[in-house]
Amino acid sequence: MQCPKCRGNMRTFDRNGVHIEQCDNCRGIFLDYGELETLSRMENQWNQQHYAPPPAPGPAWGGGHHGGHHYGHHRRSWVNALFSS
Amino acid sequence: MSRGSSSAGRLSRVSPDLVPHLLRLAGGDGPVTVLKDTKVLVLRVGELVVKAHPAGADEKALRARLAVRLPGLMLAPLKIDRVGDRLVSVWPAGIPLTPDDLEEPPWEAGGRLLARLHAQPVPPGLPAMGGQDRVHRAVAPLEEGHVIRQAYRTLDLAPRGNRLVHGDWHLGQLVRFPSGWLLIDPDDLGYGEQVWDLARPAAWYASGLVSGAEWERFLGAYLAEGGTAVTPEDPWRELDGPARALTVQLAAIAVTTARREGNTLDEAAEALVSSCERILATPPTS
């Protein structure tokens, strides 16, 4: 097919299942119907895999939720500490 | 117990001389119970509670705090007097906590009351809240080089903010009345950074002393009631610094108390000291 911009010759490439036409002359790219959406979806999937996870529900120096938990059966021994200055 | 008897002073180990004066100011009849016998002396006498505030407290600041009236939010004193150099206040007694309250603390009531307190304007004449001073005082008995002292030196304790803050909130600052729960103890009430009021439960949670579910109940109730001290999407942005400070304060008090009483550290104290080690190893990100 011919490039709609410069009338140059367009060549078909296949990138991860997405067909793209690129102009040999101006390097412009033509996408078929639905292929832009496919690219967006792939981009989102990549972001979810590679971006940092949301902030942890606690401080970086917190210990109780990585190591031992102290609440529960033995809490009565020190529960008064929760009620005093 | 008979009033004015020579044995009344035995009720207090720390301030025996104050006891007859407190009983006189409370007036009335009824059984006498010691609720607190530290730098403050708090007695329940029948349906009243009488509190001798610490010696050397800033009287002008304390009187301004005791003069605050927040109906439905904070208990107000019935009477303020003085014994020697100490201010004494008399209060209505609430319904005492039961073992069930300890097992199933009123996290939601606490969160809601703090959110409503935080929506109030700062009453005129109120001083800065006393939270940071509590941290300074707590670490003072510990020797230089102690891990808690080292963690203390990494804290940012600069006073900030100009909103109404309770200043010393913990579960014992909730008292049940027939009308519902109220906040008590305005001794550290003032203007400052409101996130400070959430910092002690945050410190407990960070050290594993309360569960994530309990922490969520407290914070969720605070946010649902319109509390604005933290960003709902990332509450630890605001909580991190004050929760570090409260962890240091609580660890220092636990260690000092255990030393004074000749006890080894209990598991809560151990957890708080471990958190201090991690605070030292994890500088604040901002």
# chains A, B, ... in the order shown; residues from 1 in each chain; ligands from 1

$ residues_around --residues "A:Glu35" --least-positions-apart "3" --cutoff "9 Å" --atoms "only C-alpha atoms" --output "PDB file with N, CA and C atoms, in the first residue's frame"
ATOM      1  N   VAL A  18       0.870  -7.749  16.601  1.00  0.00           N
ATOM      2  CA  VAL A  18       0.263  -6.529  16.100  1.00  0.00           C
ATOM      3  C   VAL A  18       0.846  -6.243  14.715  1.00  0.00           C
ATOM      4  N   HIS A  19      -0.049  -6.113  13.721  1.00  0.00           N
ATOM      5  CA  HIS A  19       0.405  -5.766  12.379  1.00  0.00           C
ATOM      6  C   HIS A  19       0.575  -4.272  12.278  1.00  0.00           C
ATOM      7  N   ILE A  20       1.741  -3.848  11.824  1.00  0.00           N
ATOM      8  CA  ILE A  20       1.927  -2.415  11.569  1.00  0.00           C
ATOM      9  C   ILE A  20       2.472  -2.238  10.149  1.00  0.00           C
ATOM     10  N   LEU A  31      -1.670   1.950  11.654  1.00  0.00           N
ATOM     11  CA  LEU A  31      -2.208   0.830  12.432  1.00  0.00           C
ATOM     12  C   LEU A  31      -3.570   0.452  11.907  1.00  0.00           C
ATOM     13  N   ASP A  32      -3.858  -0.840  11.816  1.00  0.00           N
ATOM     14  CA  ASP A  32      -5.189  -1.306  11.431  1.00  0.00           C
ATOM     15  C   ASP A  32      -6.174  -1.078  12.578  1.00  0.00           C
ATOM     16  N   THR A  38      -4.966  -2.805  21.145  1.00  0.00           N
ATOM     17  CA  THR A  38      -4.136  -3.952  21.525  1.00  0.00           C
ATOM     18  C   THR A  38      -2.810  -3.479  22.137  1.00  0.00           C
ATOM     19  N   LEU A  39      -2.224  -2.462  21.511  1.00  0.00           N
ATOM     20  CA  LEU A  39      -0.960  -1.924  22.046  1.00  0.00           C
ATOM     21  C   LEU A  39      -1.156  -1.340  23.442  1.00  0.00           C
ATOM     22  N   SER A  40      -2.279  -0.577  23.643  1.00  0.00           N
ATOM     23  CA  SER A  40      -2.550   0.018  24.957  1.00  0.00           C
ATOM     24  C   SER A  40      -2.684  -1.062  26.017  1.00  0.00           C
TER      25      SER A  40
END

$ interface_residues --of "chain B" --to "chain A" --cutoff "10 Å" --atoms "only C-alpha atoms" --output "PyMOL selection string"
chain B and resi 36+97+99+102-103+105+134+168-174+200-212+216+233-237+239-241+243-244+249-250+253-254+266-269+271-272+274-285

$ write_last_selection --atoms "C-alpha atoms" --output "compact mmCIF listing (two decimals), in the first residue's frame"
# COMPACT_ATOMS: atom_id res chain seq x y z
CA LYS B 36 -3.12 6.48 89.44
CA LEU B 97 -13.72 -0.49 82.08
CA PRO B 99 -12.31 -7.11 81.19
CA LEU B 102 -9.69 -4.79 77.45
CA GLU B 103 -10.36 -7.80 75.26
CA PRO B 105 -11.20 -2.20 72.98
CA ARG B 134 6.45 13.75 76.50
CA ASP B 168 -1.72 12.19 74.73
CA TRP B 169 -4.29 9.88 73.22
CA HIS B 170 -4.47 6.22 74.17
CA LEU B 171 -7.36 3.87 74.96
CA GLY B 172 -7.35 4.89 78.63
CA GLN B 173 -8.36 8.39 77.53
CA LEU B 174 -11.81 7.04 76.65
CA ARG B 200 0.32 5.88 69.53
CA PRO B 201 -2.05 3.28 68.01
CA ALA B 202 0.12 3.49 64.88
CA ALA B 203 3.18 2.71 66.99
CA TRP B 204 1.42 -0.25 68.62
CA TYR B 205 0.42 -1.55 65.19
CA ALA B 206 3.90 -1.05 63.74
CA SER B 207 5.37 -3.09 66.61
CA GLY B 208 2.81 -5.86 66.23
CA LEU B 209 1.06 -5.09 69.53
CA VAL B 210 -2.31 -4.58 67.88
CA SER B 211 -3.45 -6.46 64.79
CA GLY B 212 -3.96 -4.98 61.35
CA GLU B 216 -8.05 -0.66 60.45
CA GLU B 233 -4.73 6.57 50.29
CA ASP B 234 -1.36 6.69 52.04
CA PRO B 235 -1.81 7.41 55.79
CA TRP B 236 1.79 6.48 56.62
CA ARG B 237 3.04 9.52 54.73
CA LEU B 239 2.04 8.86 60.35
CA ASP B 240 5.63 7.73 59.87
CA GLY B 241 7.38 10.50 61.82
CA ALA B 243 4.70 6.94 65.03
CA ARG B 244 8.51 6.73 65.24
CA GLN B 249 8.53 7.22 73.93
CA LEU B 250 6.73 3.96 74.70
CA ILE B 253 8.86 4.28 79.44
CA ALA B 254 8.70 0.47 79.29
CA ASP B 266 7.91 -8.10 78.87
CA GLU B 267 7.11 -9.01 75.28
CA ALA B 268 5.48 -5.66 74.56
CA ALA B 269 8.61 -3.83 75.75
CA ALA B 271 8.77 -5.49 70.61
CA LEU B 272 9.04 -1.72 71.11
CA SER B 274 13.16 -3.98 68.48
CA SER B 275 11.23 -1.30 66.62
CA CYS B 276 13.69 1.31 67.93
CA GLU B 277 16.53 -0.75 66.43
CA ARG B 278 14.75 -0.74 63.07
CA ILE B 279 13.96 2.99 63.35
CA LEU B 280 17.70 3.53 63.77
CA ALA B 281 18.41 1.36 60.71
CA THR B 282 15.67 2.95 58.55
CA PRO B 283 16.12 6.71 58.17
CA PRO B 284 12.98 8.67 57.22
CA THR B 285 12.48 8.81 53.45

$ closest_residue --among "B:Met129, B:Ala138, B:Leu182, B:Ala199" --to "B:Leu113" --atoms "only C-alpha atoms"
B:Leu182

$ atom_distance --atom1 "atom CA of A:Asn16" --atom2 "atom CA of A:Ile29"
15.8 Å

$ residues_around --residues "stretch 57-63 of chain B" --least-positions-apart "3" --cutoff "8 Å" --atoms "only C-alpha atoms" --output "MDAnalysis selection string"
chainID B and resid 53:54 66:67 86:87 126:127 187
